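Undergrad: Just one file: run_39.pdb, with PDB, C-alpha atoms, pLDDT in the B column.
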ATOM      1  CA  MET A1026      17.082 -15.408  -0.317  1.00 68.00           C
ATOM      2  CA  ASN A1027      18.569 -14.012   2.902  1.00 92.00           C
ATOM      3  CA  LEU A1028      15.892 -12.430   5.123  1.00 94.00           C
ATOM      4  CA  ALA A1029      18.073  -9.372   5.735  1.00 94.00           C
ATOM      5  CA  LYS A1030      18.277  -8.761   1.993  1.00 95.00           C
ATOM      6  CA  LYS A1031      14.509  -9.124   1.710  1.00 95.00           C
ATOM      7  CA  ALA A1032      14.065  -6.611   4.519  1.00 96.00           C
ATOM      8  CA  ALA A1033      16.447  -4.201   2.816  1.00 95.00           C
ATOM      9  CA  ALA A1034      14.490  -4.518  -0.423  1.00 95.00           C
ATOM     10  CA  GLU A1035      11.219  -3.844   1.392  1.00 96.00           C
ATOM     11  CA  PHE A1036      12.744  -0.849   3.172  1.00 96.00           C
ATOM     12  CA  ILE A1037      14.022   0.654  -0.073  1.00 96.00           C
ATOM     13  CA  GLY A1038      10.812  -0.050  -1.975  1.00 96.00           C
ATOM     14  CA  THR A1039       8.575   1.505   0.669  1.00 97.00           C
ATOM     15  CA  LEU A1040      10.908   4.484   1.045  1.00 97.00           C
ATOM     16  CA  VAL A1041      10.719   5.173  -2.696  1.00 96.00           C
ATOM     17  CA  LEU A1042       6.936   4.721  -2.692  1.00 96.00           C
ATOM     18  CA  VAL A1043       6.394   7.309   0.029  1.00 96.00           C
ATOM     19  CA  LEU A1044       9.054   9.716  -1.183  1.00 96.00           C
ATOM     20  CA  VAL A1045       7.951   9.777  -4.813  1.00 95.00           C
ATOM     21  CA  ALA A1046       4.225   9.022  -4.770  1.00 94.00           C
ATOM     22  CA  CYS A1047       3.354  10.930  -1.607  1.00 94.00           C
ATOM     23  CA  GLY A1048       5.701  13.604  -2.889  1.00 93.00           C
ATOM     24  CA  VAL A1049       3.625  13.989  -6.050  1.00 92.00           C
ATOM     25  CA  ALA A1050       0.496  14.212  -3.910  1.00 89.00           C
ATOM     26  CA  ALA A1051       2.115  16.848  -1.718  1.00 88.00           C
ATOM     27  CA  VAL A1052       3.350  19.116  -4.500  1.00 84.00           C
ATOM     28  CA  SER A1053       0.525  18.755  -7.018  1.00 77.00           C
ATOM     29  CA  GLY A1054      -2.637  17.679  -5.255  1.00 60.00           C
ATOM     30  CA  CYS A1055      -3.384  20.852  -3.357  1.00 50.00           C
ATOM     31  CA  ALA A1056      -2.781  23.357  -6.142  1.00 48.00           C
ATOM     32  CA  PHE A1057      -4.478  21.435  -8.939  1.00 54.00           C
ATOM     33  CA  PRO A1058      -7.000  18.998  -7.412  1.00 61.00           C
ATOM     34  CA  GLN A1059      -8.235  17.249 -10.566  1.00 69.00           C
ATOM     35  CA  ALA A1060      -4.865  17.024 -12.287  1.00 74.00           C
ATOM     36  CA  GLY A1061      -3.311  16.243  -8.919  1.00 80.00           C
ATOM     37  CA  TYR A1062      -5.589  13.222  -8.447  1.00 87.00           C
ATOM     38  CA  VAL A1063      -4.522  11.710 -11.759  1.00 89.00           C
ATOM     39  CA  ALA A1064      -0.858  12.553 -11.260  1.00 90.00           C
ATOM     40  CA  THR A1065      -0.873  11.050  -7.773  1.00 92.00           C
ATOM     41  CA  ALA A1066      -2.669   7.891  -8.898  1.00 93.00           C
ATOM     42  CA  LEU A1067      -0.173   7.428 -11.719  1.00 92.00           C
ATOM     43  CA  ALA A1068       2.743   8.095  -9.383  1.00 94.00           C
ATOM     44  CA  PHE A1069       1.697   5.377  -6.954  1.00 95.00           C
ATOM     45  CA  GLY A1070       1.119   2.892  -9.765  1.00 95.00           C
ATOM     46  CA  LEU A1071       4.332   3.684 -11.616  1.00 95.00           C
ATOM     47  CA  VAL A1072       6.429   3.422  -8.460  1.00 96.00           C
ATOM     48  CA  ILE A1073       5.000  -0.044  -7.869  1.00 96.00           C
ATOM     49  CA  VAL A1074       5.852  -1.040 -11.442  1.00 95.00           C
ATOM     50  CA  ALA A1075       9.396   0.284 -11.064  1.00 95.00           C
ATOM     51  CA  MET A1076       9.954  -1.389  -7.710  1.00 95.00           C
ATOM     52  CA  ALA A1077       8.359  -4.666  -8.838  1.00 94.00           C
ATOM     53  CA  TYR A1078      10.986  -5.025 -11.534  1.00 93.00           C
ATOM     54  CA  SER A1079      13.739  -3.703  -9.254  1.00 93.00           C
ATOM     55  CA  VAL A1080      13.310  -5.569  -5.963  1.00 93.00           C
ATOM     56  CA  GLY A1081      10.577  -8.040  -6.849  1.00 91.00           C
ATOM     57  CA  ASN A1082      13.133 -10.780  -7.422  1.00 92.00           C
ATOM     58  CA  VAL A1083      14.529 -10.172  -3.929  1.00 94.00           C
ATOM     59  CA  SER A1084      11.497  -9.801  -1.663  1.00 93.00           C
ATOM     60  CA  GLY A1085       8.464 -10.101  -3.907  1.00 91.00           C
ATOM     61  CA  CYS A1086       8.012  -6.321  -3.651  1.00 93.00           C
ATOM     62  CA  HIS A1087       5.219  -6.272  -1.093  1.00 96.00           C
ATOM     63  CA  ILE A1088       6.178  -2.809   0.254  1.00 96.00           C
ATOM     64  CA  ASN A1089       2.792  -2.878   1.953  1.00 97.00           C
ATOM     65  CA  PRO A1090       1.757  -4.639   5.200  1.00 98.00           C
ATOM     66  CA  ALA A1091      -1.677  -5.356   3.690  1.00 98.00           C
ATOM     67  CA  VAL A1092      -0.005  -7.382   0.948  1.00 98.00           C
ATOM     68  CA  SER A1093       2.270  -9.118   3.438  1.00 98.00           C
ATOM     69  CA  ILE A1094      -0.607 -10.134   5.713  1.00 98.00           C
ATOM     70  CA  ALA A1095      -2.458 -11.500   2.680  1.00 97.00           C
ATOM     71  CA  MET A1096       0.597 -13.587   1.814  1.00 97.00           C
ATOM     72  CA  LEU A1097       0.774 -14.778   5.425  1.00 97.00           C
ATOM     73  CA  VAL A1098      -2.883 -15.823   5.433  1.00 97.00           C
ATOM     74  CA  SER A1099      -2.386 -17.479   2.041  1.00 95.00           C
ATOM     75  CA  GLY A1100       0.486 -19.539   3.441  1.00 94.00           C
ATOM     76  CA  LYS A1101       3.029 -17.919   1.130  1.00 94.00           C
ATOM     77  CA  MET A1102       5.239 -16.567   3.889  1.00 95.00           C
ATOM     78  CA  LYS A1103       6.136 -17.450   7.462  1.00 96.00           C
ATOM     79  CA  PHE A1104       5.195 -15.387  10.507  1.00 96.00           C
ATOM     80  CA  LYS A1105       8.812 -14.423  11.190  1.00 96.00           C
ATOM     81  CA  GLU A1106       9.146 -13.146   7.633  1.00 97.00           C
ATOM     82  CA  PHE A1107       5.893 -11.223   8.002  1.00 97.00           C
ATOM     83  CA  ILE A1108       7.137  -9.406  11.115  1.00 97.00           C
ATOM     84  CA  VAL A1109      10.459  -8.511   9.479  1.00 97.00           C
ATOM     85  CA  TYR A1110       8.740  -7.342   6.301  1.00 97.00           C
ATOM     86  CA  VAL A1111       6.291  -5.104   8.186  1.00 98.00           C
ATOM     87  CA  LEU A1112       9.026  -3.544  10.325  1.00 98.00           C
ATOM     88  CA  ALA A1113      11.086  -2.822   7.220  1.00 97.00           C
ATOM     89  CA  GLN A1114       8.053  -1.337   5.463  1.00 98.00           C
ATOM     90  CA  PHE A1115       7.184   0.987   8.339  1.00 98.00           C
ATOM     91  CA  LEU A1116      10.791   2.118   8.720  1.00 98.00           C
ATOM     92  CA  GLY A1117      11.071   2.665   4.977  1.00 97.00           C
ATOM     93  CA  ALA A1118       7.869   4.726   4.958  1.00 97.00           C
ATOM     94  CA  LEU A1119       9.102   6.863   7.838  1.00 98.00           C
ATOM     95  CA  ALA A1120      12.433   7.415   6.110  1.00 98.00           C
ATOM     96  CA  GLY A1121      10.686   8.357   2.863  1.00 97.00           C
ATOM     97  CA  ALA A1122       8.416  10.818   4.655  1.00 97.00           C
ATOM     98  CA  ALA A1123      11.387  12.332   6.493  1.00 97.00           C
ATOM     99  CA  ILE A1124      13.294  12.873   3.247  1.00 97.00           C
ATOM    100  CA  LEU A1125      10.194  14.390   1.645  1.00 96.00           C
ATOM    101  CA  ALA A1126       9.720  16.745   4.599  1.00 96.00           C
ATOM    102  CA  TYR A1127      13.367  17.788   4.403  1.00 96.00           C
ATOM    103  CA  LEU A1128      13.243  18.436   0.650  1.00 94.00           C
ATOM    104  CA  THR A1129       9.999  20.409   0.753  1.00 91.00           C
ATOM    105  CA  GLY A1130      10.647  22.095   4.072  1.00 91.00           C
ATOM    106  CA  ASN A1131       7.054  21.314   4.933  1.00 87.00           C
ATOM    107  CA  THR A1132       5.593  18.951   7.519  1.00 88.00           C
ATOM    108  CA  LEU A1133       2.003  20.019   6.928  1.00 88.00           C
ATOM    109  CA  ALA A1134       1.470  18.334   3.545  1.00 90.00           C
ATOM    110  CA  LEU A1135       3.206  15.007   3.062  1.00 94.00           C
ATOM    111  CA  GLY A1136       0.475  13.156   1.200  1.00 92.00           C
ATOM    112  CA  GLN A1137      -1.145  12.033   4.449  1.00 94.00           C
ATOM    113  CA  ASN A1138      -4.568  10.439   4.491  1.00 95.00           C
ATOM    114  CA  GLY A1139      -7.706  11.931   5.992  1.00 94.00           C
ATOM    115  CA  LEU A1140     -11.171  10.820   7.025  1.00 96.00           C
ATOM    116  CA  PHE A1141     -13.963  11.126   4.468  1.00 96.00           C
ATOM    117  CA  ASN A1142     -16.300  13.870   5.755  1.00 95.00           C
ATOM    118  CA  ASP A1143     -14.913  13.213   9.268  1.00 95.00           C
ATOM    119  CA  ASP A1144     -16.725   9.882   9.167  1.00 97.00           C
ATOM    120  CA  VAL A1145     -14.695   7.019  10.640  1.00 97.00           C
ATOM    121  CA  VAL A1146     -17.106   4.273   9.557  1.00 98.00           C
ATOM    122  CA  LYS A1147     -17.310   5.402   5.922  1.00 98.00           C
ATOM    123  CA  SER A1148     -13.540   5.825   5.811  1.00 97.00           C
ATOM    124  CA  LEU A1149     -13.027   2.319   7.169  1.00 98.00           C
ATOM    125  CA  ILE A1150     -15.432   0.889   4.596  1.00 98.00           C
ATOM    126  CA  VAL A1151     -13.778   2.751   1.719  1.00 98.00           C
ATOM    127  CA  GLU A1152     -10.313   1.543   2.704  1.00 98.00           C
ATOM    128  CA  VAL A1153     -11.373  -2.061   3.289  1.00 98.00           C
ATOM    129  CA  ILE A1154     -13.032  -2.204  -0.137  1.00 98.00           C
ATOM    130  CA  LEU A1155     -10.166  -0.532  -2.006  1.00 98.00           C
ATOM    131  CA  THR A1156      -7.564  -2.704  -0.294  1.00 98.00           C
ATOM    132  CA  PHE A1157      -9.598  -5.817  -1.019  1.00 98.00           C
ATOM    133  CA  ILE A1158      -9.686  -4.949  -4.731  1.00 97.00           C
ATOM    134  CA  PHE A1159      -5.980  -4.160  -4.864  1.00 97.00           C
ATOM    135  CA  VAL A1160      -4.766  -7.206  -2.926  1.00 97.00           C
ATOM    136  CA  PHE A1161      -7.222  -9.522  -4.678  1.00 97.00           C
ATOM    137  CA  ALA A1162      -5.710  -8.434  -7.992  1.00 96.00           C
ATOM    138  CA  ILE A1163      -2.219  -9.109  -6.653  1.00 96.00           C
ATOM    139  CA  LEU A1164      -3.137 -12.603  -5.459  1.00 96.00           C
ATOM    140  CA  GLY A1165      -4.777 -13.374  -8.775  1.00 94.00           C
ATOM    141  CA  VAL A1166      -1.976 -12.226 -11.057  1.00 94.00           C
ATOM    142  CA  THR A1167       0.756 -13.811  -8.919  1.00 92.00           C
ATOM    143  CA  SER A1168      -1.025 -17.152  -8.640  1.00 89.00           C
ATOM    144  CA  LYS A1169       0.224 -18.249 -12.057  1.00 86.00           C
ATOM    145  CA  ALA A1170       3.922 -18.466 -12.887  1.00 84.00           C
ATOM    146  CA  GLU A1171       3.267 -17.539 -16.518  1.00 86.00           C
ATOM    147  CA  ASN A1172       2.098 -14.096 -15.391  1.00 86.00           C
ATOM    148  CA  GLY A1173       5.511 -13.281 -13.985  1.00 84.00           C
ATOM    149  CA  LYS A1174       6.572 -10.924 -16.764  1.00 86.00           C
ATOM    150  CA  VAL A1175       3.420  -8.791 -16.589  1.00 93.00           C
ATOM    151  CA  ALA A1176       2.607  -9.083 -12.880  1.00 92.00           C
ATOM    152  CA  GLY A1177       4.344  -5.836 -11.955  1.00 93.00           C
ATOM    153  CA  LEU A1178       2.456  -3.919 -14.630  1.00 94.00           C
ATOM    154  CA  VAL A1179      -0.917  -5.381 -13.635  1.00 94.00           C
ATOM    155  CA  ILE A1180      -0.303  -4.645  -9.956  1.00 95.00           C
ATOM    156  CA  GLY A1181       0.787  -1.094 -10.725  1.00 95.00           C
ATOM    157  CA  LEU A1182      -2.283  -0.436 -12.847  1.00 96.00           C
ATOM    158  CA  SER A1183      -4.494  -1.900 -10.120  1.00 96.00           C
ATOM    159  CA  LEU A1184      -3.019   0.583  -7.672  1.00 96.00           C
ATOM    160  CA  VAL A1185      -3.687   3.415 -10.135  1.00 96.00           C
ATOM    161  CA  LEU A1186      -7.287   2.224 -10.367  1.00 96.00           C
ATOM    162  CA  VAL A1187      -8.004   2.247  -6.639  1.00 97.00           C
ATOM    163  CA  HIS A1188      -6.313   5.626  -6.259  1.00 95.00           C
ATOM    164  CA  LEU A1189      -8.428   7.208  -8.985  1.00 93.00           C
ATOM    165  CA  ILE A1190     -11.607   6.352  -7.105  1.00 94.00           C
ATOM    166  CA  GLY A1191     -10.229   6.591  -3.577  1.00 94.00           C
ATOM    167  CA  ILE A1192      -8.309   9.887  -3.530  1.00 93.00           C
ATOM    168  CA  PRO A1193     -11.438  12.090  -3.295  1.00 91.00           C
ATOM    169  CA  PHE A1194     -12.613  10.020  -0.316  1.00 94.00           C
ATOM    170  CA  THR A1195      -9.626   9.343   1.954  1.00 95.00           C
ATOM    171  CA  GLY A1196      -6.605  10.151  -0.175  1.00 93.00           C
ATOM    172  CA  THR A1197      -6.337   6.376  -0.642  1.00 95.00           C
ATOM    173  CA  SER A1198      -4.165   4.444   1.738  1.00 97.00           C
ATOM    174  CA  VAL A1199      -4.556   0.691   1.065  1.00 98.00           C
ATOM    175  CA  ASN A1200      -1.143   0.559   2.765  1.00 98.00           C
ATOM    176  CA  PRO A1201      -0.627   0.993   6.533  1.00 98.00           C
ATOM    177  CA  ALA A1202       3.066   1.841   6.199  1.00 98.00           C
ATOM    178  CA  ARG A1203       2.430   4.470   3.513  1.00 97.00           C
ATOM    179  CA  SER A1204      -0.071   6.143   5.851  1.00 97.00           C
ATOM    180  CA  PHE A1205       1.994   5.865   9.025  1.00 97.00           C
ATOM    181  CA  GLY A1206       5.163   7.566   7.780  1.00 97.00           C
ATOM    182  CA  PRO A1207       3.588  10.869   6.701  1.00 96.00           C
ATOM    183  CA  ALA A1208       1.085  10.890   9.607  1.00 97.00           C
ATOM    184  CA  LEU A1209       3.796  10.541  12.223  1.00 97.00           C
ATOM    185  CA  LEU A1210       5.607  13.622  10.931  1.00 96.00           C
ATOM    186  CA  VAL A1211       2.490  15.694  10.217  1.00 95.00           C
ATOM    187  CA  GLY A1212       0.917  14.917  13.586  1.00 95.00           C
ATOM    188  CA  GLY A1213      -2.429  16.382  14.617  1.00 95.00           C
ATOM    189  CA  GLU A1214      -5.525  14.851  13.030  1.00 95.00           C
ATOM    190  CA  ALA A1215      -3.446  12.841  10.573  1.00 95.00           C
ATOM    191  CA  LEU A1216      -1.748  11.003  13.426  1.00 97.00           C
ATOM    192  CA  ALA A1217      -4.911  10.757  15.523  1.00 97.00           C
ATOM    193  CA  ASN A1218      -6.771   9.069  12.654  1.00 97.00           C
ATOM    194  CA  VAL A1219      -3.932   6.982  11.245  1.00 98.00           C
ATOM    195  CA  TRP A1220      -5.286   3.889  13.011  1.00 98.00           C
ATOM    196  CA  VAL A1221      -8.104   3.846  10.450  1.00 98.00           C
ATOM    197  CA  PHE A1222      -5.562   3.570   7.658  1.00 98.00           C
ATOM    198  CA  ILE A1223      -3.692   0.817   9.457  1.00 98.00           C
ATOM    199  CA  VAL A1224      -6.645  -1.330  10.522  1.00 98.00           C
ATOM    200  CA  ALA A1225      -8.788  -1.064   7.366  1.00 98.00           C
ATOM    201  CA  PRO A1226      -6.067  -2.082   4.863  1.00 98.00           C
ATOM    202  CA  LEU A1227      -5.058  -5.026   7.058  1.00 98.00           C
ATOM    203  CA  VAL A1228      -8.685  -6.178   7.206  1.00 98.00           C
ATOM    204  CA  GLY A1229      -9.013  -5.730   3.453  1.00 98.00           C
ATOM    205  CA  GLY A1230      -5.853  -7.736   2.873  1.00 98.00           C
ATOM    206  CA  VAL A1231      -7.046 -10.611   5.062  1.00 98.00           C
ATOM    207  CA  LEU A1232     -10.461 -10.662   3.374  1.00 98.00           C
ATOM    208  CA  ALA A1233      -8.852 -10.704  -0.064  1.00 97.00           C
ATOM    209  CA  ALA A1234      -6.668 -13.645   0.940  1.00 97.00           C
ATOM    210  CA  LEU A1235      -9.600 -15.603   2.363  1.00 97.00           C
ATOM    211  CA  VAL A1236     -11.827 -14.996  -0.662  1.00 97.00           C
ATOM    212  CA  HIS A1237      -9.034 -15.813  -3.094  1.00 96.00           C
ATOM    213  CA  LYS A1238      -8.243 -19.020  -1.186  1.00 94.00           C
ATOM    214  CA  LEU A1239     -11.922 -19.992  -1.283  1.00 94.00           C
ATOM    215  CA  LEU A1240     -12.298 -19.342  -5.017  1.00 92.00           C
ATOM    216  CA  ASP A1241      -8.964 -20.906  -5.889  1.00 84.00           C
ATOM    217  CA  GLY A1242      -9.812 -23.961  -3.824  1.00 71.00           C
ATOM    218  CA  ASN A1243     -13.179 -24.359  -5.523  1.00 54.00           C
ATOM    219  CA  LYS A1244     -11.486 -24.010  -8.904  1.00 53.00           C
ATOM    220  CA  ALA A1245      -9.010 -26.720  -8.005  1.00 45.00           C
ATOM    221  CA  GLU A1246     -11.850 -29.042  -7.078  1.00 45.00           C
TER     222      GLU A1246
END
Please rewrite the model in this file as structure tokens.
TA:
Amino acid sequence: MNLAKKAAAEFIGTLVLVLVACGVAAVSGCAFPQAGYVATALAFGLVIVAMAYSVGNVSGCHINPAVSIAMLVSGKMKFKEFIVYVLAQFLGALAGAAILAYLTGNTLALGQNGLFNDDVVKSLIVEVILTFIFVFAILGVTSKAENGKVAGLVIGLSLVLVHLIGIPFTGTSVNPARSFGPALLVGGEALANVWVFIVAPLVGGVLAALVHKLLDGNKAE
């Protein structure tokens, strides 16, 4: 598949993720915290399901640099592809956040992430763990060709899972691009702390790839 088409698919997928899922967080999370948590978690998961069956056949539907770096470490994509994917994902996230800001007329609440109790270390730990779980599930379900028909559903539900536990802590990132787009437009603390939500998911993605490679290798032996 042409790399430009893959990039376009990643751009569109990430744009939709931020626009719709962060949009649900923005319009429902503040007014109705408990219901907003569930609605937001479902929104993120359902967008992934929709995009998996829409652009998955084009790019694999990473729409997340943490997933792409895991695929790179796993030897499932080349470095050039990784760079193009990540650029497309960040641009897509920024475009999605910009559309959301325009539609809501609000640049204060765009579903941005925040530190847990102003604690950088705890926030890093939360995001590394949640990303590890999410990416580990992706690597597992995509490792067998026979899982192809249900992979999108499993991945989407895995994202719902990590959001249900993670939203009260950091708002759940597990995706550097998803965090960057809203943070850049919101500015302030969201932008100052966005590095946490870029570094931690990337670390979690790498760890998931290494652990999966280790377990898969032992299984093969």
Undergrad: Might you pull out every residue within 8 Å of Ile1073 of chain A, with all atoms listed in the file counted and same-chain residues fewer than 6 positions away left off, and present them as a ChimeraX atom specification?
TA: /A:1042,1177,1180-1181
Undergrad: Which residue, A:Asn1089, A:Ser1053, A:Ser1079, A:Asn1218, has the smallest gap to Pro1201 of chain A when you use all atoms listed in the file?
TA: A:Asn1089
Undergrad: Taking all atoms listed in the file into account, name the residue in A:Ala1202, A:Ile1150, A:Val1185, A:Ile1158 that is nearest to Thr1039 of chain A.
TA: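 Among the listed residues, A:Ala1202 lies closest to Thr1039 of chain A.
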Undergrad: Could you give me, as a tab-separated table (two decimals) with C-alpha atoms, in the frame of the given file, the residues that sit within 10 Å of (-3.4, -9.2, -7.9) in the file's coordinates, counting only C-alpha atoms?
TA:
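Result written to point-v4.tsv:
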chain	number	residue	atom	x	y	z
A	1092	VAL	CA	0.00	-7.38	0.95
A	1157	PHE	CA	-9.60	-5.82	-1.02
A	1158	ILE	CA	-9.69	-4.95	-4.73
A	1159	PHE	CA	-5.98	-4.16	-4.86
A	1160	VAL	CA	-4.77	-7.21	-2.93
A	1161	PHE	CA	-7.22	-9.52	-4.68
A	1162	ALA	CA	-5.71	-8.43	-7.99
A	1163	ILE	CA	-2.22	-9.11	-6.65
A	1164	LEU	CA	-3.14	-12.60	-5.46
A	1165	GLY	CA	-4.78	-13.37	-8.78
A	1166	VAL	CA	-1.98	-12.23	-11.06
A	1167	THR	CA	0.76	-13.81	-8.92
A	1168	SER	CA	-1.02	-17.15	-8.64
A	1176	ALA	CA	2.61	-9.08	-12.88
A	1177	GLY	CA	4.34	-5.84	-11.96
A	1179	VAL	CA	-0.92	-5.38	-13.64
A	1180	ILE	CA	-0.30	-4.64	-9.96
A	1181	GLY	CA	0.79	-1.09	-10.72
A	1183	SER	CA	-4.49	-1.90	-10.12
A	1184	LEU	CA	-3.02	0.58	-7.67
A	1233	ALA	CA	-8.85	-10.70	-0.06
A	1237	HIS	CA	-9.03	-15.81	-3.09
Undergrad: Can you measure atom CA of Val1151 of chain A to atom CA of Leu1116 of chain A for me? One decimal in Å is fine.
TA: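 These atoms are spaced 25.6 Å apart.
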Undergrad: In terms of the shortest atom-to-atom distance over only C-alpha atoms, which of A:Ala1095, A:Leu1140, A:Leu1040, A:Val1146 is closest to Pro1226 of chain A?
TA: A:Ala1095
Undergrad: Name all residues at most 8 Å from Val1098 of chain A (count all atoms listed in the file; drop same-chain ones fewer than 6 positions away) and give them as an mmCIF file with C-alpha atoms, in the coordinates of the input.
TA:
data_model
loop_
_atom_site.group_PDB
_atom_site.id
_atom_site.type_symbol
_atom_site.label_atom_id
_atom_site.label_comp_id
_atom_site.auth_asym_id
_atom_site.auth_seq_id
_atom_site.Cartn_x
_atom_site.Cartn_y
_atom_site.Cartn_z
ATOM 1 C CA VAL A 1231 -7.046 -10.611 5.062
ATOM 2 C CA ALA A 1234 -6.668 -13.645 0.940
ATOM 3 C CA LEU A 1235 -9.600 -15.603 2.363
#
Undergrad: With all atoms listed in the file as the basis for distance, which of A:Val1145, A:Val1187, A:Ile1124, A:Ala1075 is at the shortest distance from Ala1217 of chain A?
TA: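 Selected residue with least distance to Ala1217 of chain A: A:Val1145.
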Undergrad: Using all atoms listed in the file, pick whichever of A:Ile1154, A:Leu1044, A:Ala1032, A:Val1063 has the shortest atom-to-atom distance to Pro1193 of chain A.
TA: A:Val1063
Undergrad: Between A:Gly1191, A:Gly1117, A:Gly1130, A:Gly1212, which is the closest to Ala1066 of chain A once you count all atoms listed in the file?
TA: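 For Ala1066 of chain A, the nearest of the candidates is A:Gly1191.
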Undergrad: Taking (10.8, -11.4, -3.5) in the file's own coordinates, collect the residues within 10 Å, counting all atoms listed in the file, and hand them back as a ChimeraX atom specification.
TA: /A:1026,1030-1032,1034-1035,1077,1080-1087
Undergrad: Could you please determine the separation between atom CA of Leu1186 of chain A and atom CA of Asp1144 of chain A in Å, to one decimal place?
TA: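 Separation of atom CA of Leu1186 of chain A and atom CA of Asp1144 of chain A: 23.0 Å.
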Undergrad: Provide the atom CA of Tyr1127 of chain A to atom CA of Phe1205 of chain A distance in Å, to one decimal place.
TA: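 According to the coordinates, atom CA of Tyr1127 of chain A and atom CA of Phe1205 of chain A are separated by 17.1 Å.
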Undergrad: Do you know which residues the PyMOL selection byres ((chain A and resi 1106) around 12) returns on this file, as a list in words?
TA: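 So the PyMOL selection byres ((chain A and resi 1106) around 12) ends up selecting Met1026, Asn1027, Leu1028, Ala1029, Lys1030, Lys1031, Ala1032, Glu1035, Ser1084, Gly1085, His1087, Pro1090, Ser1093, Ile1094, Met1096, Leu1097, Gly1100, Lys1101, Met1102, Lys1103, Phe1104, Lys1105, Phe1107, Ile1108, Val1109, Tyr1110, Val1111, Leu1112 and Ala1113 of chain A.
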Undergrad: Might you pull out every residue within 9 Å of Val1228 of chain A, with all atoms listed in the file counted and same-chain residues fewer than 4 positions away left off, and present them as JSON, numbers by chain?
TA: {"A": [1091, 1153, 1156, 1157, 1223, 1224, 1232, 1233]}
Undergrad: Taking 5 positions as the minimum chain separation for residues in the same chain, which residues sit within 12 Å of Gly1139 of chain A when counting only C-alpha atoms? Answer as a PyMOL selection string.
TA: chain A and resi 1134+1144-1145+1147-1149+1151-1152+1191-1198+1204-1205+1207-1208+1211-1222
